[in-house]
$ cat start07.tsv   # TSV, C-alpha atoms
chain	number	residue	atom	x	y	z
A	1	MET	CA	11.63	-13.17	-5.80
A	2	CYS	CA	13.34	-15.30	-8.44
A	3	ILE	CA	13.40	-19.05	-7.79
A	4	ARG	CA	17.08	-19.25	-8.63
A	5	ASP	CA	17.70	-16.95	-5.65
A	6	SER	CA	15.55	-19.03	-3.29
A	7	LYS	CA	18.53	-20.43	-1.40
A	8	TYR	CA	19.38	-16.92	-0.24
A	9	TYR	CA	15.85	-16.19	0.97
A	10	TYR	CA	14.62	-19.49	2.26
A	11	LYS	CA	17.62	-20.35	4.38
A	12	TYR	CA	15.80	-18.14	6.91
A	13	PRO	CA	12.95	-20.04	8.62
A	14	TYR	CA	10.84	-16.87	8.85
A	15	LEU	CA	10.78	-16.56	5.05
A	16	ARG	CA	10.84	-20.26	4.23
A	17	ASN	CA	7.88	-21.14	6.43
A	18	ALA	CA	5.74	-18.09	5.68
A	19	HIS	CA	2.43	-19.09	4.09
A	20	LEU	CA	2.46	-15.85	2.07
A	21	LYS	CA	5.30	-15.37	-0.41
A	22	HIS	CA	6.13	-12.43	-2.66
A	23	PHE	CA	6.93	-12.37	-6.39
A	24	ILE	CA	7.65	-9.79	-9.08
A	25	THR	CA	6.65	-10.37	-12.71
A	26	GLY	CA	7.70	-6.98	-14.05
A	27	ARG	CA	9.12	-3.58	-13.18
A	28	ASP	CA	8.31	0.10	-13.70
A	29	CYS	CA	5.16	2.17	-13.54
A	30	PRO	CA	3.51	4.49	-16.09
A	31	TYR	CA	2.48	6.99	-13.41
A	32	ASN	CA	4.55	9.82	-11.97
A	33	CYS	CA	3.44	10.29	-8.37
A	34	TYR	CA	5.34	13.16	-6.77
A	35	PHE	CA	6.28	11.22	-3.60
A	36	CYS	CA	7.62	8.16	-5.46
A	37	PHE	CA	11.24	7.31	-6.28
A	38	ASN	CA	10.43	6.23	-9.86
A	39	GLN	CA	10.92	9.69	-11.39
A	40	LYS	CA	14.44	9.98	-9.95
A	41	PHE	CA	15.16	6.34	-10.76
A	42	ARG	CA	14.50	7.00	-14.46
A	43	GLU	CA	16.71	10.08	-14.36
A	44	LEU	CA	19.51	8.21	-12.60
A	45	TYR	CA	19.63	5.45	-15.22
A	46	ASN	CA	18.72	7.65	-18.21
A	47	LEU	CA	15.65	5.56	-18.93
A	48	GLY	CA	13.91	8.46	-20.64
A	49	GLY	CA	10.29	7.55	-20.02
A	50	TYR	CA	8.24	4.64	-18.85
A	51	ALA	CA	10.04	1.37	-19.67
A	52	LEU	CA	8.19	-1.78	-18.57
A	53	ARG	CA	10.22	-4.97	-18.31
A	54	ARG	CA	8.26	-8.15	-17.75
A	55	HIS	CA	8.82	-11.89	-17.60
A	56	SER	CA	6.89	-14.18	-19.93
A	57	THR	CA	3.88	-16.14	-18.72
A	58	ASP	CA	5.83	-19.42	-18.99
A	59	TYR	CA	8.74	-18.05	-16.93
A	60	VAL	CA	6.50	-16.80	-14.11
A	61	LEU	CA	4.41	-19.96	-13.95
A	62	GLU	CA	7.51	-22.15	-13.82
A	63	GLU	CA	8.84	-20.07	-10.94
A	64	LEU	CA	5.56	-20.41	-9.07
A	65	ARG	CA	5.36	-24.19	-9.67
A	66	ARG	CA	8.85	-24.71	-8.28
A	67	CYS	CA	8.15	-22.63	-5.20
A	68	LYS	CA	4.81	-24.35	-4.59
A	69	GLY	CA	6.44	-27.76	-4.89
A	70	SER	CA	9.36	-26.96	-2.59
A	71	TYR	CA	8.12	-24.66	0.18
A	72	PRO	CA	4.98	-23.90	2.20
A	73	LEU	CA	2.78	-21.69	0.03
A	74	LYS	CA	-0.87	-20.79	0.63
A	75	MET	CA	-1.07	-17.29	-0.82
A	76	LEU	CA	0.91	-15.10	-3.23
A	77	ALA	CA	1.58	-11.39	-3.43
A	78	PHE	CA	2.56	-9.95	-6.82
A	79	ASP	CA	4.60	-6.88	-5.90
A	80	ASP	CA	4.88	-5.30	-9.34
A	81	ASP	CA	4.39	-1.52	-9.12
A	82	VAL	CA	1.17	-1.94	-11.11
A	83	PHE	CA	0.22	-5.54	-11.94
A	84	PRO	CA	-2.40	-5.12	-14.74
A	85	ILE	CA	-0.32	-2.77	-16.92
A	86	ASN	CA	-0.61	-4.98	-20.00
A	87	LYS	CA	-4.13	-6.34	-20.50
A	88	ASN	CA	-3.00	-8.86	-23.16
A	89	TRP	CA	-0.35	-10.29	-20.80
A	90	LEU	CA	-2.91	-10.44	-18.01
A	91	ALA	CA	-5.49	-12.20	-20.23
A	92	ASP	CA	-2.86	-14.83	-21.10
A	93	PHE	CA	-1.39	-15.25	-17.62
A	94	LEU	CA	-4.37	-15.26	-15.24
A	95	PRO	CA	-6.42	-18.13	-16.80
A	96	ARG	CA	-3.31	-20.32	-16.84
A	97	PHE	CA	-2.44	-19.24	-13.30
A	98	LYS	CA	-5.91	-20.29	-12.14
A	99	LYS	CA	-5.59	-23.68	-13.87
A	100	GLU	CA	-1.96	-24.48	-13.00
A	101	ILE	CA	-1.37	-22.79	-9.62
A	102	ASN	CA	-4.83	-22.01	-8.24
A	103	LEU	CA	-3.89	-20.07	-5.11
A	104	PRO	CA	-5.35	-16.82	-3.76
A	105	TYR	CA	-3.19	-13.80	-4.48
A	106	SER	CA	-2.93	-10.04	-4.10
A	107	CYS	CA	-1.52	-7.43	-6.48
A	108	ASN	CA	-0.98	-3.69	-6.87
A	109	ILE	CA	-3.39	-1.78	-9.10
A	110	HIS	CA	-4.14	1.83	-10.03
A	111	PRO	CA	-7.77	3.05	-9.90
A	112	SER	CA	-7.49	4.36	-13.48
A	113	MET	CA	-6.75	0.84	-14.74
A	114	VAL	CA	-9.84	-0.78	-13.26
A	115	ASN	CA	-12.57	-1.52	-15.80
A	116	GLU	CA	-15.09	-4.35	-16.13
A	117	ASP	CA	-12.72	-6.61	-18.07
A	118	ILE	CA	-9.83	-6.21	-15.61
A	119	ALA	CA	-12.10	-6.67	-12.59
A	120	LYS	CA	-13.56	-9.86	-14.08
A	121	LEU	CA	-10.12	-11.28	-14.90
A	122	LEU	CA	-8.96	-10.68	-11.34
A	123	GLY	CA	-12.11	-12.09	-9.77
A	124	LYS	CA	-12.22	-15.26	-11.87
A	125	SER	CA	-8.54	-16.03	-11.32
A	126	GLY	CA	-8.80	-16.03	-7.53
A	127	CYS	CA	-7.53	-12.58	-6.62
A	128	HIS	CA	-8.15	-12.25	-2.89
A	129	HIS	CA	-7.48	-8.51	-2.75
A	130	VAL	CA	-5.83	-5.70	-4.64
A	131	MET	CA	-3.58	-3.01	-3.15
A	132	MET	CA	-4.60	0.41	-4.42
A	133	GLY	CA	-2.89	3.72	-3.69
A	134	LEU	CA	-5.41	6.34	-2.63
A	135	GLU	CA	-3.01	8.27	-0.38
A	136	SER	CA	-5.44	11.16	0.19
A	137	GLY	CA	-9.21	11.49	-0.01
A	138	ASN	CA	-8.88	15.20	-0.70
A	139	PRO	CA	-8.58	16.01	-4.46
A	140	ARG	CA	-6.28	19.02	-3.94
A	141	VAL	CA	-3.77	17.15	-1.79
A	142	ARG	CA	-3.90	14.05	-3.96
A	143	LYS	CA	-3.38	15.93	-7.26
A	144	ASP	CA	-1.27	19.00	-6.43
A	145	ILE	CA	0.88	17.68	-3.57
A	146	LEU	CA	1.11	13.95	-4.28
A	147	GLY	CA	0.70	13.90	-8.06
A	148	LYS	CA	-2.02	11.24	-8.23
A	149	LYS	CA	-4.40	12.33	-10.96
A	150	PHE	CA	-7.71	10.55	-10.57
A	151	SER	CA	-10.99	11.76	-9.13
A	152	ASN	CA	-12.87	10.55	-6.07
A	153	GLU	CA	-15.57	9.33	-8.42
A	154	ARG	CA	-13.06	7.24	-10.39
A	155	PHE	CA	-11.77	5.71	-7.18
A	156	LEU	CA	-15.29	4.83	-6.00
A	157	LYS	CA	-16.13	3.33	-9.40
A	158	ALA	CA	-13.00	1.16	-9.32
A	159	ALA	CA	-13.84	-0.05	-5.81
A	160	ASP	CA	-17.38	-0.88	-6.86
A	161	LEU	CA	-16.25	-2.89	-9.91
A	162	LEU	CA	-13.76	-4.88	-7.85
A	163	HIS	CA	-16.29	-5.63	-5.14
A	164	GLN	CA	-18.84	-6.74	-7.73
A	165	ASN	CA	-16.33	-9.38	-8.82
A	166	GLY	CA	-15.52	-10.62	-5.34
A	167	VAL	CA	-12.18	-8.82	-5.00
A	168	LYS	CA	-11.41	-7.15	-1.69
A	169	ILE	CA	-9.34	-3.98	-1.44
A	170	MET	CA	-6.40	-2.73	0.56
A	171	THR	CA	-5.67	0.98	0.24
A	172	TYR	CA	-2.47	2.90	0.89
A	173	ASN	CA	-3.15	6.16	2.72
A	174	MET	CA	-0.91	8.97	3.98
A	175	LEU	CA	-1.85	11.61	6.51
A	176	GLY	CA	0.10	14.80	7.17
A	177	SER	CA	1.20	15.64	3.63
A	178	PRO	CA	2.63	19.15	3.10
A	179	THR	CA	-0.09	21.84	3.50
A	180	GLU	CA	-2.74	19.24	4.47
A	181	THR	CA	-5.30	20.38	7.04
A	182	LEU	CA	-7.09	18.24	9.60
A	183	GLU	CA	-10.32	18.42	7.60
A	184	GLU	CA	-8.52	17.23	4.46
A	185	ALA	CA	-6.97	14.34	6.42
A	186	LEU	CA	-10.41	13.33	7.69
A	187	GLU	CA	-11.64	13.21	4.08
A	188	THR	CA	-9.26	10.29	3.55
A	189	MET	CA	-11.03	8.35	6.30
A	190	GLU	CA	-14.40	9.19	4.80
A	191	LEU	CA	-13.54	8.13	1.25
A	192	ASN	CA	-12.20	4.78	2.49
A	193	SER	CA	-15.42	4.23	4.39
A	194	ARG	CA	-17.62	5.24	1.44
A	195	ALA	CA	-15.77	2.75	-0.77
A	196	LYS	CA	-16.16	0.00	1.87
A	197	ILE	CA	-12.44	-0.71	1.90
A	198	GLU	CA	-11.72	-3.93	3.79
A	199	TYR	CA	-8.03	-3.36	4.58
A	200	PRO	CA	-7.11	0.33	4.80
A	201	TRP	CA	-3.38	0.79	5.48
A	202	TRP	CA	-2.18	4.13	6.76
A	203	SER	CA	0.98	6.03	7.58
A	204	LEU	CA	2.24	9.54	8.22
A	205	TYR	CA	3.87	11.27	5.28
A	206	GLN	CA	7.67	11.08	5.44
A	207	PRO	CA	9.66	13.39	3.12
A	208	GLN	CA	11.99	11.51	0.80
A	209	PRO	CA	14.66	14.03	-0.30
A	210	GLY	CA	14.79	14.46	-4.07
A	211	THR	CA	11.09	13.78	-4.69
A	212	ARG	CA	8.70	16.49	-5.87
A	213	THR	CA	6.53	16.27	-2.73
A	214	ALA	CA	9.61	16.77	-0.54
A	215	ASP	CA	10.57	19.77	-2.69
A	216	ILE	CA	7.12	21.22	-2.05
A	217	ALA	CA	7.62	20.72	1.67
A	218	PHE	CA	10.96	22.56	1.50
A	219	GLU	CA	9.46	25.39	-0.58
A	220	MET	CA	6.57	25.82	1.88
A	221	GLY	CA	8.93	25.86	4.85
A	222	CYS	CA	7.44	22.67	6.28
A	223	ILE	CA	10.80	21.00	6.95
A	224	ASN	CA	14.20	22.26	8.02
A	225	ASP	CA	16.81	23.08	5.39
A	226	ASP	CA	19.21	20.52	6.87
A	227	TYR	CA	16.73	17.63	6.51
A	228	SER	CA	18.32	14.80	4.50
A	229	MET	CA	18.47	11.04	4.14
A	230	ASP	CA	20.95	11.04	7.02
A	231	THR	CA	18.43	12.64	9.39
A	232	LEU	CA	15.39	10.76	8.09
A	233	ASP	CA	13.39	9.06	10.86
A	234	GLY	CA	12.88	5.34	10.47
A	235	SER	CA	9.23	5.33	11.54
A	236	ILE	CA	6.29	6.31	9.34
A	237	PHE	CA	3.79	5.69	12.14
A	238	HIS	CA	5.03	7.60	15.17
A	239	TYR	CA	5.19	11.32	14.46
A	240	SER	CA	5.53	13.81	11.61
A	241	VAL	CA	8.68	15.82	10.90
A	242	LEU	CA	6.68	18.57	9.17
A	243	LYS	CA	6.14	22.00	10.71
A	244	GLN	CA	2.64	23.12	9.78
A	245	PRO	CA	-0.68	24.04	11.43
A	246	GLU	CA	-2.74	21.20	12.93
A	247	ILE	CA	0.06	18.67	12.53
A	248	LYS	CA	-0.40	17.43	16.11
A	249	GLU	CA	-4.11	16.94	15.50
A	250	ILE	CA	-3.32	15.10	12.27
A	251	GLU	CA	-0.85	12.85	14.12
A	252	ARG	CA	-3.61	11.95	16.57
A	253	ALA	CA	-6.11	11.40	13.74
A	254	HIS	CA	-3.58	9.03	12.19
A	255	LYS	CA	-3.68	6.88	15.33
A	256	LEU	CA	-7.49	6.67	15.05
A	257	PHE	CA	-7.55	6.27	11.26
A	258	TYR	CA	-8.79	2.69	11.08
A	259	LEU	CA	-11.88	3.50	13.14
A	260	GLY	CA	-12.97	6.32	10.81
A	261	ALA	CA	-11.97	4.49	7.63
A	262	ARG	CA	-14.15	1.54	8.56
A	263	ASN	CA	-17.08	3.58	9.87
A	264	ARG	CA	-17.44	7.21	8.80
A	265	LYS	CA	-20.12	7.79	11.45
A	266	LEU	CA	-17.22	7.95	13.92
A	267	ILE	CA	-15.46	10.80	12.08
A	268	PRO	CA	-17.36	13.66	13.84
A	269	LEU	CA	-16.29	12.17	17.17
A	270	ILE	CA	-12.69	11.74	15.97
A	271	ARG	CA	-12.69	15.39	14.83
A	272	LYS	CA	-13.42	16.45	18.41
A	273	ILE	CA	-11.20	13.95	20.21
A	274	VAL	CA	-7.98	14.84	18.37
A	275	ARG	CA	-8.08	18.37	19.78
A	276	TYR	CA	-7.01	16.84	23.10
A	277	ASN	CA	-3.73	15.26	24.13
A	278	LEU	CA	-4.70	11.86	25.51
A	279	GLY	CA	-1.12	10.63	25.73
A	280	PRO	CA	-0.53	6.88	25.21
A	281	ILE	CA	-4.21	6.19	24.52
A	282	TYR	CA	-3.66	7.17	20.89
A	283	THR	CA	-0.74	4.79	20.58
A	284	ILE	CA	-2.68	1.92	22.15
A	285	VAL	CA	-5.62	2.43	19.77
A	286	PHE	CA	-3.24	2.53	16.81
A	287	LEU	CA	-1.39	-0.65	17.75
A	288	VAL	CA	-4.59	-2.61	18.40
A	289	THR	CA	-6.35	-1.52	15.21
A	290	TYR	CA	-3.22	-1.98	13.09
A	291	PHE	CA	-2.90	-5.53	14.45
A	292	ILE	CA	-6.55	-6.26	13.63
A	293	ARG	CA	-6.25	-4.91	10.10
A	294	HIS	CA	-3.09	-6.86	9.32
A	295	TRP	CA	-4.46	-10.06	10.86
A	296	LYS	CA	-7.59	-9.87	8.69
A	297	GLU	CA	-5.59	-9.21	5.54
A	298	SER	CA	-2.87	-11.81	6.03
A	299	GLY	CA	-5.01	-14.77	6.99
A	300	ALA	CA	-2.29	-15.86	9.43
A	301	SER	CA	-3.10	-17.53	12.73
A	302	PHE	CA	-3.59	-15.36	15.81
A	303	SER	CA	-0.48	-16.78	17.51
A	304	LYS	CA	1.72	-16.07	14.48
A	305	MET	CA	0.37	-12.53	14.28
A	306	VAL	CA	1.13	-11.92	17.95
A	307	LEU	CA	4.73	-13.10	17.52
A	308	MET	CA	5.15	-10.99	14.40
A	309	GLY	CA	3.64	-7.97	16.12
A	310	LEU	CA	6.01	-8.26	19.07
A	311	LYS	CA	8.98	-8.38	16.70
A	312	GLN	CA	7.75	-5.30	14.84
A	313	LEU	CA	7.10	-3.18	17.94
A	314	LYS	CA	10.69	-1.94	18.03
A	315	ARG	CA	10.21	-0.41	14.57
A	316	TYR	CA	7.32	1.72	15.82
$ encode --input "start07.tsv" --output "structure tokens"
Amino acid sequence: MCIRDSKYYYKYPYLRNAHLKHFITGRDCPYNCYFCFNQKFRELYNLGGYALRRHSTDYVLEELRRCKGSYPLKMLAFDDDVFPINKNWLADFLPRFKKEINLPYSCNIHPSMVNEDIAKLLGKSGCHHVMMGLESGNPRVRKDILGKKFSNERFLKAADLLHQNGVKIMTYNMLGSPTETLEEALETMELNSRAKIEYPWWSLYQPQPGTRTADIAFEMGCINDDYSMDTLDGSIFHYSVLKQPEIKEIERAHKLFYLGARNRKLIPLIRKIVRYNLGPIYTIVFLVTYFIRHWKESGASFSKMVLMGLKQLKRY
């Protein structure tokens, strides 16, 4: 959010009084994940290749100072596609941020960008947690279907470096990608657990027409030919629109994801349970564990989380 636009945002009490506020310091991403809109965005605007645009350190800090001085602010989220793209910018910005703003924050990061220097910069500047896209714990699904080209070993190394520097981790995970089997979906739980991820976030894959992953789904016959943005379901948590083997079992595994991602010893039990239709029990487990995860990550009070959860139920 830009401070000059604050009157449009903060006229709403929900946004104005939120202890966590969101900011963007720059745009674009050097990676080309198959499920992401960025590839088509560059084509649409004839951008050619990767074209990072970023505000200066002074500009961002001034924006943060004004917001901190005018509105409730206890934590920040930097919503850049990938926050540590430019190490020189980061080395200039983060020490000043720590000195002049000194609030906990979160940011998006790619496992391939995490090294000792980056992890130390984040840890020393008060980074509470990073948000890292794993998507799938299975190398085939992650590379060939989703276009994320890093190894399990690289992911585990990145997680270890961040944890060594006191930075917690939220992961983005998708179950039910085109051609994914139940066993491959369970590997995503296991890798989260091995990496000791504090805040795993999870959804069901939803085809976005025009992306490479959606094209793969069409080519494999996983979705109907008439599927489009007009027929796209609003929920990424309820059920999958794909037609493929074991999709019902994967939907059920999705509802139990948090349990396996936090403790891989439960995965053998989950593997057996999802073969059975237990009706609303899956939904109840999902809603309770999703609430717990979000409450731990946000740092909000229990009462505020309950009110927020009730408002969000209709979107499920």
$ closest_residue --input "start07.tsv" --among "A:Lys255, A:Arg212, A:Lys157, A:Arg264" --to "Tyr290 in chain A" --atoms "all atoms listed in the file"
A:Lys255
$ residues_near_point --input "start07.tsv" --point "(0.2, -1.0, -8.8)" --cutoff "12 Å" --atoms "only C-alpha atoms" --output "ChimeraX atom specification"
/A:24,26-31,33,77-86,106-114,130-134,170-172
$ closest_residue --input "start07.tsv" --among "A:Glu198, A:Asp144, A:Glu190, A:Glu249" --to "Pro178 in chain A" --atoms "all atoms listed in the file"
A:Asp144
$ atom_distance --input "start07.tsv" --atom1 "CA of Asp117 in chain A" --atom2 "CA of Ile169 in chain A"
17.2 Å
$ residues_around --input "start07.tsv" --residues "range 237-243 of chain A" --least-positions-apart "3" --cutoff "6 Å" --atoms "only C-alpha atoms" --output "PDB file with C-alpha atoms, keeping the file's coordinate frame"
ATOM      1  CA  SER A 203       0.980   6.030   7.580  1.00  0.00           C
ATOM      2  CA  LEU A 204       2.240   9.540   8.220  1.00  0.00           C
ATOM      3  CA  CYS A 222       7.440  22.670   6.280  1.00  0.00           C
ATOM      4  CA  ILE A 223      10.800  21.000   6.950  1.00  0.00           C
TER       5      ILE A 223
END
$ atom_distance --input "start07.tsv" --atom1 "CA of Glu153 in chain A" --atom2 "CA of Asn263 in chain A"
19.2 Å
$ atom_distance --input "start07.tsv" --atom1 "CA of Glu297 in chain A" --atom2 "CA of Arg16 in chain A"
19.8 Å
$ closest_residue --input "start07.tsv" --among "A:Ala253, A:Ala261, A:Leu269, A:Leu186" --to "Val285 in chain A" --atoms "only C-alpha atoms"
A:Ala253
$ residues_near_point --input "start07.tsv" --point "(-1.9, 14.7, -9.8)" --cutoff "12 Å" --atoms "all atoms listed in the file" --output "number ranges by chain"
A: 31-35, 134-136, 138-151, 212-213
$ closest_residue --input "start07.tsv" --among "A:Pro200, A:Gly69, A:Gly210, A:Gly299" --to "Gln39 in chain A" --atoms "all atoms listed in the file"
A:Gly210
$ closest_residue --input "start07.tsv" --among "A:Leu73, A:Leu175, A:Leu256, A:Val167" --to "Ile197 in chain A" --atoms "all atoms listed in the file"
A:Val167
$ closest_residue --input "start07.tsv" --among "A:Arg65, A:Arg252, A:Gly123, A:Asp225" --to "Gly279 in chain A" --atoms "only C-alpha atoms"
A:Arg252
